[in-house]
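Trainee: Just upload02.txt, nothing more (compact mmCIF, C-alpha atoms):
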# COMPACT_ATOMS: atom_id res chain seq x y z
CA MET A 1 14.21 47.68 49.55
CA ILE A 2 12.14 44.49 49.71
CA CYS A 3 8.57 44.08 50.98
CA LEU A 4 8.12 40.89 52.97
CA ALA A 5 5.02 41.17 55.17
CA PHE A 6 1.30 40.97 54.51
CA ARG A 7 0.24 44.24 52.86
CA SER A 8 3.55 45.74 53.90
CA SER A 9 4.93 48.69 51.99
CA CYS A 10 8.23 49.85 50.57
CA GLN A 11 9.23 53.47 50.15
CA LEU A 12 10.47 53.93 46.59
CA GLY A 13 11.39 57.57 46.11
CA LYS A 14 8.07 59.40 46.42
CA GLU A 15 6.06 56.26 45.68
CA GLU A 16 4.85 53.75 48.21
CA TYR A 17 4.50 50.25 46.82
CA ILE A 18 1.88 48.13 48.55
CA MET A 19 2.03 44.35 48.70
CA ASP A 20 -1.30 42.54 48.65
CA GLU A 21 -1.23 38.96 49.88
CA ASN A 22 -4.08 38.02 47.54
CA LEU A 23 -2.02 39.27 44.60
CA ILE A 24 0.94 37.14 45.69
CA LYS A 25 -1.23 34.04 46.04
CA ASN A 26 -2.75 34.63 42.62
CA LEU A 27 0.68 35.00 41.02
CA GLU A 28 1.90 31.82 42.72
CA GLU A 29 -1.10 29.93 41.36
CA GLN A 30 -0.60 31.32 37.87
CA ALA A 31 3.07 30.32 38.00
CA ARG A 32 2.09 26.78 38.99
CA LYS A 33 -0.25 26.57 35.99
CA VAL A 34 2.43 27.91 33.65
CA ARG A 35 4.92 25.30 34.87
CA CYS A 36 2.38 22.56 34.23
CA ARG A 37 1.74 23.88 30.72
CA ILE A 38 5.47 23.96 29.98
CA LEU A 39 5.97 20.36 31.05
CA GLU A 40 2.90 19.11 29.20
CA MET A 41 3.82 20.75 25.90
CA LEU A 42 7.45 19.64 26.08
CA ALA A 43 6.47 16.07 26.86
CA GLN A 44 4.12 16.05 23.90
CA ALA A 45 6.67 17.66 21.56
CA GLY A 46 9.47 15.33 22.60
CA SER A 47 12.08 18.05 22.12
CA GLY A 48 12.80 21.44 23.59
CA HIS A 49 14.32 23.10 26.63
CA THR A 50 12.96 22.29 30.07
CA GLY A 51 15.30 23.60 32.77
CA GLY A 52 15.68 27.19 31.62
CA SER A 53 11.99 27.49 30.79
CA LEU A 54 11.05 26.57 34.36
CA SER A 55 13.60 28.90 35.96
CA GLY A 56 12.14 32.04 34.38
CA VAL A 57 8.46 31.39 35.14
CA ASP A 58 8.05 33.66 38.13
CA TYR A 59 9.45 36.75 36.47
CA LEU A 60 7.23 36.40 33.40
CA THR A 61 4.22 35.66 35.58
CA ALA A 62 4.80 38.90 37.50
CA LEU A 63 5.16 40.78 34.22
CA TYR A 64 2.16 39.44 32.33
CA TRP A 65 -0.30 39.21 35.24
CA HIS A 66 0.64 42.43 36.99
CA GLU A 67 3.26 44.76 35.57
CA LEU A 68 3.04 44.75 31.77
CA ARG A 69 0.74 47.15 29.94
CA HIS A 70 -0.61 44.94 27.18
CA ASP A 71 -3.78 43.78 25.44
CA PRO A 72 -4.02 40.12 24.33
CA LYS A 73 -6.89 41.04 22.01
CA ASN A 74 -4.71 43.66 20.30
CA PRO A 75 -1.10 42.40 20.32
CA ALA A 76 0.04 45.24 18.04
CA TRP A 77 -1.36 48.03 20.26
CA PRO A 78 1.18 50.84 19.66
CA ASP A 79 1.38 51.91 23.31
CA ARG A 80 1.88 48.44 24.77
CA ASP A 81 4.91 47.62 26.86
CA ARG A 82 7.29 45.27 25.07
CA PHE A 83 8.85 42.03 26.30
CA ILE A 84 11.75 40.30 24.55
CA LEU A 85 12.83 36.75 25.38
CA SER A 86 16.49 37.05 24.47
CA LYS A 87 17.18 33.49 25.68
CA GLY A 88 14.92 32.25 22.89
CA HIS A 89 15.42 28.55 23.61
CA ALA A 90 13.09 29.07 26.60
CA ALA A 91 10.24 29.58 24.12
CA PRO A 92 7.94 27.11 25.96
CA LEU A 93 7.90 29.56 28.87
CA LEU A 94 6.79 32.46 26.68
CA TYR A 95 4.24 30.33 24.83
CA ALA A 96 2.66 29.06 28.05
CA VAL A 97 2.35 32.60 29.40
CA LEU A 98 0.90 33.99 26.17
CA ALA A 99 -1.63 31.18 25.93
CA GLU A 100 -2.73 31.54 29.55
CA ARG A 101 -3.14 35.31 29.03
CA GLY A 102 -5.33 34.77 25.97
CA TYR A 103 -3.09 35.64 23.01
CA PHE A 104 -4.05 32.33 21.41
CA PRO A 105 -5.96 29.18 22.48
CA VAL A 106 -4.18 26.96 25.01
CA GLU A 107 -4.89 24.01 22.70
CA GLU A 108 -2.18 25.36 20.40
CA LEU A 109 0.43 24.43 23.01
CA GLY A 110 0.01 20.80 22.00
CA ARG A 111 1.41 21.67 18.57
CA LEU A 112 4.79 22.88 19.83
CA ARG A 113 7.53 22.17 17.27
CA LYS A 114 5.11 20.57 14.83
CA LEU A 115 5.33 21.32 11.10
CA GLY A 116 3.07 24.25 10.26
CA SER A 117 2.55 25.19 13.91
CA MET A 118 2.59 28.81 15.09
CA LEU A 119 4.82 27.61 17.95
CA GLN A 120 8.27 27.01 16.57
CA GLY A 121 11.23 25.80 18.61
CA HIS A 122 12.29 29.41 19.04
CA PRO A 123 9.98 32.46 19.07
CA ASP A 124 8.83 33.63 15.62
CA MET A 125 7.29 37.10 15.46
CA LYS A 126 5.65 36.32 12.12
CA LYS A 127 3.80 33.26 13.41
CA THR A 128 2.96 33.81 17.07
CA PRO A 129 0.70 36.59 18.45
CA GLY A 130 2.44 38.41 21.29
CA VAL A 131 6.00 37.63 20.19
CA GLU A 132 7.78 40.96 19.66
CA ILE A 133 10.92 39.70 17.94
CA SER A 134 12.26 36.39 16.65
CA THR A 135 15.04 35.17 18.95
CA GLY A 136 17.24 32.13 19.29
CA SER A 137 20.72 33.30 18.38
CA LEU A 138 21.90 34.30 21.84
CA GLY A 139 23.02 37.82 22.67
CA GLN A 140 20.72 39.83 20.42
CA GLY A 141 17.73 40.66 22.61
CA LEU A 142 19.17 43.57 24.57
CA ALA A 143 20.23 45.39 21.40
CA VAL A 144 16.69 44.99 20.05
CA ALA A 145 15.29 46.32 23.34
CA ASN A 146 17.51 49.38 22.96
CA GLY A 147 16.16 50.00 19.48
CA MET A 148 12.57 49.72 20.67
CA ALA A 149 13.25 52.13 23.54
CA LEU A 150 14.90 54.65 21.23
CA ALA A 151 11.96 54.41 18.82
CA GLY A 152 9.58 55.11 21.69
CA ARG A 153 11.59 58.15 22.67
CA LEU A 154 11.56 59.51 19.12
CA ASN A 155 7.82 58.88 18.80
CA LYS A 156 7.12 60.41 22.24
CA GLN A 157 5.57 57.17 23.52
CA ASP A 158 5.88 56.15 27.16
CA TYR A 159 5.95 52.36 26.84
CA ARG A 160 8.60 50.36 28.67
CA VAL A 161 10.76 47.55 27.27
CA TYR A 162 11.58 44.42 29.26
CA VAL A 163 14.06 41.76 28.23
CA MET A 164 15.08 38.42 29.76
CA LEU A 165 18.70 37.30 29.45
CA GLY A 166 20.29 34.00 30.46
CA ASP A 167 23.44 33.94 32.56
CA GLY A 168 25.15 31.74 29.95
CA GLU A 169 24.01 34.24 27.35
CA VAL A 170 25.92 37.11 28.94
CA GLN A 171 29.12 35.37 27.83
CA GLU A 172 28.25 36.88 24.42
CA GLY A 173 30.16 40.06 23.58
CA MET A 174 27.14 41.60 21.89
CA VAL A 175 25.36 41.76 25.25
CA TRP A 176 28.03 44.09 26.60
CA GLU A 177 28.00 46.31 23.51
CA ALA A 178 24.25 46.67 24.00
CA ALA A 179 24.72 47.28 27.74
CA MET A 180 27.15 50.10 26.97
CA ALA A 181 24.79 51.62 24.40
CA ALA A 182 21.77 51.49 26.74
CA ALA A 183 23.68 53.41 29.41
CA HIS A 184 25.13 55.87 26.87
CA TYR A 185 21.68 56.78 25.56
CA LYS A 186 20.22 56.85 29.09
CA LEU A 187 17.50 54.31 28.24
CA ASP A 188 15.70 54.35 31.56
CA ARG A 189 12.67 52.62 30.04
CA VAL A 190 14.72 49.46 29.49
CA THR A 191 14.61 46.86 32.26
CA ALA A 192 16.56 43.64 31.85
CA PHE A 193 16.08 40.52 33.93
CA LEU A 194 19.02 38.14 34.25
CA ASP A 195 17.82 34.57 34.81
CA HIS A 196 20.80 33.61 36.94
CA ASN A 197 20.29 29.86 37.36
CA GLY A 198 23.99 29.04 37.18
CA LEU A 199 23.81 26.32 34.52
CA GLN A 200 24.11 26.18 30.74
CA ILE A 201 24.15 23.32 28.25
CA ASP A 202 27.86 22.52 28.80
CA GLY A 203 27.76 22.69 32.61
CA PRO A 204 28.05 25.29 35.36
CA VAL A 205 28.27 28.81 33.93
CA ALA A 206 31.17 29.64 36.26
CA GLU A 207 33.21 26.78 34.79
CA VAL A 208 32.37 27.29 31.12
CA MET A 209 33.16 31.04 31.09
CA ASN A 210 32.75 32.78 34.42
CA PRO A 211 30.87 36.10 34.02
CA GLU A 212 31.19 37.15 37.64
CA PRO A 213 31.16 39.61 39.31
CA LEU A 214 27.92 40.29 37.45
CA ALA A 215 26.53 43.07 39.64
CA ASP A 216 29.83 44.97 39.57
CA LYS A 217 30.13 44.61 35.80
CA TRP A 218 26.63 45.91 35.05
CA GLN A 219 27.12 48.77 37.48
CA ALA A 220 30.44 49.63 35.84
CA PHE A 221 28.64 49.74 32.49
CA GLY A 222 26.33 52.42 33.89
CA TRP A 223 23.29 50.37 34.89
CA HIS A 224 21.16 50.49 38.01
CA VAL A 225 21.48 47.00 39.52
CA ILE A 226 18.98 45.18 41.74
CA GLY A 227 19.75 41.74 43.13
CA ILE A 228 16.83 39.52 44.16
CA ASP A 229 15.58 35.98 44.69
CA GLY A 230 14.09 35.39 41.25
CA HIS A 231 11.38 33.10 42.66
CA ASP A 232 10.08 35.48 45.34
CA PHE A 233 7.15 37.47 43.97
CA ARG A 234 7.44 40.13 46.65
CA GLN A 235 11.02 40.80 45.63
CA ILE A 236 10.21 40.64 41.91
CA LEU A 237 7.36 43.15 42.20
CA SER A 238 9.42 45.48 44.39
CA ALA A 239 12.30 45.37 41.90
CA LEU A 240 9.96 46.16 38.99
CA ALA A 241 8.49 49.06 40.93
CA GLU A 242 11.96 50.36 41.79
CA ALA A 243 13.06 50.17 38.15
CA LYS A 244 10.25 52.54 37.18
CA THR A 245 11.60 55.19 39.54
CA ILE A 246 15.11 55.19 38.05
CA LYS A 247 15.81 58.08 35.69
CA GLY A 248 18.70 58.49 33.27
CA LYS A 249 19.96 54.91 33.24
CA PRO A 250 18.66 51.40 32.44
CA THR A 251 18.00 48.83 35.16
CA ILE A 252 18.99 45.19 35.41
CA ILE A 253 17.35 42.85 37.89
CA ILE A 254 19.72 39.99 38.65
CA GLY A 255 17.42 37.20 39.79
CA LYS A 256 19.02 34.19 41.47
CA THR A 257 16.99 31.30 40.12
CA VAL A 258 16.96 27.50 40.06
CA LYS A 259 17.19 25.59 36.82
CA GLY A 260 14.17 23.27 36.63
CA LYS A 261 12.43 25.18 39.44
CA GLY A 262 9.31 23.53 40.82
CA VAL A 263 10.16 19.90 40.08
CA SER A 264 12.46 18.31 42.66
CA PHE A 265 14.25 15.86 40.36
CA MET A 266 14.88 18.55 37.72
CA GLU A 267 16.13 21.30 40.00
CA ASN A 268 19.80 22.26 39.57
CA GLN A 269 20.35 19.40 37.13
CA VAL A 270 22.20 20.46 33.98
CA GLY A 271 20.94 17.34 32.21
CA TRP A 272 17.48 18.89 31.99
CA HIS A 273 18.72 21.85 29.95
CA GLY A 274 17.60 20.46 26.60
CA VAL A 275 15.85 17.22 27.57
CA THR A 276 12.08 16.81 27.74
CA PRO A 277 10.14 14.70 30.24
CA ALA A 278 9.05 11.18 29.35
CA ARG A 279 5.53 10.13 30.33
CA ASP A 280 6.50 8.88 33.80
CA ASP A 281 8.63 12.00 34.39
CA LEU A 282 5.67 14.16 33.43
CA GLU A 283 3.33 12.35 35.81
CA ARG A 284 5.78 12.71 38.70
CA ALA A 285 6.38 16.40 37.93
CA LEU A 286 2.69 17.28 37.63
CA ALA A 287 1.96 15.41 40.85
CA GLU A 288 4.51 17.57 42.67
CA LEU A 289 3.18 20.79 41.21
CA ASN A 290 -0.45 19.89 41.81
CA ASP A 291 0.26 18.78 45.38
CA GLY A 292 1.63 22.25 46.10
CA ARG A 293 5.21 21.06 46.51
CA GLY A 294 6.26 22.83 43.32
CA ALA A 295 6.72 26.57 43.10
Just give me the structure of the file as structure tokens.
Mentor:
Amino acid sequence: MICLAFRSSCQLGKEEYIMDENLIKNLEEQARKVRCRILEMLAQAGSGHTGGSLSGVDYLTALYWHELRHDPKNPAWPDRDRFILSKGHAAPLLYAVLAERGYFPVEELGRLRKLGSMLQGHPDMKKTPGVEISTGSLGQGLAVANGMALAGRLNKQDYRVYVMLGDGEVQEGMVWEAAMAAAHYKLDRVTAFLDHNGLQIDGPVAEVMNPEPLADKWQAFGWHVIGIDGHDFRQILSALAEAKTIKGKPTIIIGKTVKGKGVSFMENQVGWHGVTPARDDLERALAELNDGRGA
């Protein structure tokens, strides 16, 4: 059930989830800042992935500014919640969020993809504070999330594990092996978010290798499925709250998103998958975001 009104509430089992309009406005502002950071660092680097970094901003903003139990001053805190960016090519998104939350100075963002930088083209757990696992080879993140959740169960820890998948990524067979395992072991502390923007490097996902019907498939694999608008913070927060009430099975939030979200000339354009903005592109994009026309 989705909360839509000012300080409206949703009944989630025995819990009542309250929406605060100030919270929503704060998250929207943080998401705008993150999008600006992504564009700036990619323009300076001259290489990287723009479209899919922008499409996942709102989910990570909701996680790191509201939902996630974490401590930027102590990234290795044993009881922290874990987040895994399985679609590792969207590293600029994770880096912008981590910098804005204080894991490392925002000035480091200007060294993206530079030799010796802590910010490699794909996340590196040995170099970057806050990165839980090195990713880049698609399809691996959910299996890692399962392992972390099982370790928490064995150690009697109550942390949760969140993972972001791309819709092109779920063409990988390993994702479905991990999906089956998560349901088999009843990993109800695993929540996956599917960044369903409909485009991958070779074109529309449905034309390259159609994974639909996604909701039916995940449900058939034993998952609790929630479908939302992946850019609506009210729906994102409600879905995260609902996931915490589900017992005995993992949850996937299928978020319908827009590739290049927030910048009009990048939105739904497959050409921006792995292309970075030139100086004039950057100026136009930042003008949109700073004028409030971006998300």
Trainee: For Asp71 (chain A), which residue out of A:Gly130, A:Ala145, A:Glu108, A:Ser86 is the nearest one, using all atoms listed in the file?
Mentor: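 Looking at the shortest contact to Asp71 (chain A), the residue is A:Gly130.
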Trainee: Go ahead and compute the interatomic distance for CA of Leu112 (chain A) and CA of Leu42 (chain A), in Å to one decimal.
Mentor: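 Pair CA of Leu112 (chain A) / CA of Leu42 (chain A) returns 7.5 Å.
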Trainee: What does the distance from CA of Val258 (chain A) to CA of Tyr59 (chain A) come to in Å, to one decimal?
Mentor: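 So the two atoms, CA of Val258 (chain A) and CA of Tyr59 (chain A), lie 12.4 Å apart.
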Trainee: Distance CA of Arg153 (chain A)-CA of Gly222 (chain A), one decimal place?
Mentor: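 One can read the CA of Arg153 (chain A) to CA of Gly222 (chain A) distance as 19.4 Å.
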Trainee: Go through A:Gly88, A:Gly255, A:Pro277, A:Pro250 and flag the residue nearest Gly136 (chain A), using all atoms listed in the file for the distances.
Mentor: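 Going through A:Gly88, A:Gly255, A:Pro277, A:Pro250 one by one, the smallest distance to Gly136 (chain A) is for A:Gly88.
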Trainee: I'd like the contact shell of region 46-55 of chain A - 9 Å cut-off, all atoms listed in the file, skipping same-chain residues fewer than 6 positions apart - returned as a PyMOL selection string.
Mentor: chain A and resi 34-35+38-39+87+89-94+112-113+121+166+195-197+199-200+230-231+257-263+266-278
Trainee: Go ahead and save the picked residues with C-alpha atoms, as a CSV table (one decimal), in the coordinates of the input.
Mentor:
chain,number,residue,atom,x,y,z
A,34,VAL,CA,2.4,27.9,33.6
A,35,ARG,CA,4.9,25.3,34.9
A,38,ILE,CA,5.5,24.0,30.0
A,39,LEU,CA,6.0,20.4,31.0
A,87,LYS,CA,17.2,33.5,25.7
A,89,HIS,CA,15.4,28.6,23.6
A,90,ALA,CA,13.1,29.1,26.6
A,91,ALA,CA,10.2,29.6,24.1
A,92,PRO,CA,7.9,27.1,26.0
A,93,LEU,CA,7.9,29.6,28.9
A,94,LEU,CA,6.8,32.5,26.7
A,112,LEU,CA,4.8,22.9,19.8
A,113,ARG,CA,7.5,22.2,17.3
A,121,GLY,CA,11.2,25.8,18.6
A,166,GLY,CA,20.3,34.0,30.5
A,195,ASP,CA,17.8,34.6,34.8
A,196,HIS,CA,20.8,33.6,36.9
A,197,ASN,CA,20.3,29.9,37.4
A,199,LEU,CA,23.8,26.3,34.5
A,200,GLN,CA,24.1,26.2,30.7
A,230,GLY,CA,14.1,35.4,41.2
A,231,HIS,CA,11.4,33.1,42.7
A,257,THR,CA,17.0,31.3,40.1
A,258,VAL,CA,17.0,27.5,40.1
A,259,LYS,CA,17.2,25.6,36.8
A,260,GLY,CA,14.2,23.3,36.6
A,261,LYS,CA,12.4,25.2,39.4
A,262,GLY,CA,9.3,23.5,40.8
A,263,VAL,CA,10.2,19.9,40.1
A,266,MET,CA,14.9,18.6,37.7
A,267,GLU,CA,16.1,21.3,40.0
A,268,ASN,CA,19.8,22.3,39.6
A,269,GLN,CA,20.4,19.4,37.1
A,270,VAL,CA,22.2,20.5,34.0
A,271,GLY,CA,20.9,17.3,32.2
A,272,TRP,CA,17.5,18.9,32.0
A,273,HIS,CA,18.7,21.8,30.0
A,274,GLY,CA,17.6,20.5,26.6
A,275,VAL,CA,15.8,17.2,27.6
A,276,THR,CA,12.1,16.8,27.7
A,277,PRO,CA,10.1,14.7,30.2
A,278,ALA,CA,9.0,11.2,29.4
Trainee: Show me, as a ChimeraX atom specification, the residues that have an atom within 10 Å of Gly141 (chain A) when counting only C-alpha atoms, minus same-chain residues fewer than 3 positions from it.
Mentor: /A:83-88,133-138,144-147,162-165,174-175,178,192
Trainee: Which residue out of A:Lys126, A:His66, A:Lys156, A:His184 has the minimum interatomic distance to Asp20 (chain A) when all atoms listed in the file are used?
Mentor: A:His66
Trainee: Calculated over only C-alpha atoms, which of the candidates A:Gly56, A:Gly102, A:Gly173, A:Pro213 has the smallest distance to Lys73 (chain A)?
Mentor: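 Counting only C-alpha atoms, the residue closest to Lys73 (chain A) is A:Gly102.
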Trainee: Give as a list of chain:residue names each residue that has an atom at most 9 Å from (-4.3, 36.6, 25.0) in the file, counting only C-alpha atoms.
Mentor: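 Using only C-alpha atoms, the matching residues come out as A:Asp71, A:Pro72, A:Lys73, A:Asn74, A:Pro75, A:Val97, A:Leu98, A:Ala99, A:Glu100, A:Arg101, A:Gly102, A:Tyr103, A:Phe104, A:Pro105, A:Pro129, A:Gly130.
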Trainee: Go through A:Leu286, A:Met118, A:Ala215, A:Ile228 and flag the residue nearest Lys256 (chain A), using only C-alpha atoms for the distances.
Mentor: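 Checking each candidate against Lys256 (chain A), we get A:Ile228 as the closest.
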Trainee: Between A:Ala76, A:Gln171, A:Leu150, A:Glu288, which is the closest to Glu207 (chain A) once you count all atoms listed in the file?
Mentor: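 Closest to Glu207 (chain A), using all atoms listed in the file: A:Gln171.
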Trainee: For Trp218 (chain A), please output as a PyMOL selection string all residues within 9 Å (counting only C-alpha atoms; exclusion window: fewer than 6 positions along the same chain).
Mentor: chain A and resi 176+179+224-225+252
Trainee: When you look at Ile253 (chain A) with a cut-off of 7 Å (counting all atoms listed in the file), what residues show up, excluding the ones that are within fewer than 6 positions of it in the same chain? I need them as a PyMOL selection string.
Mentor: chain A and resi 192-194+225-227+239
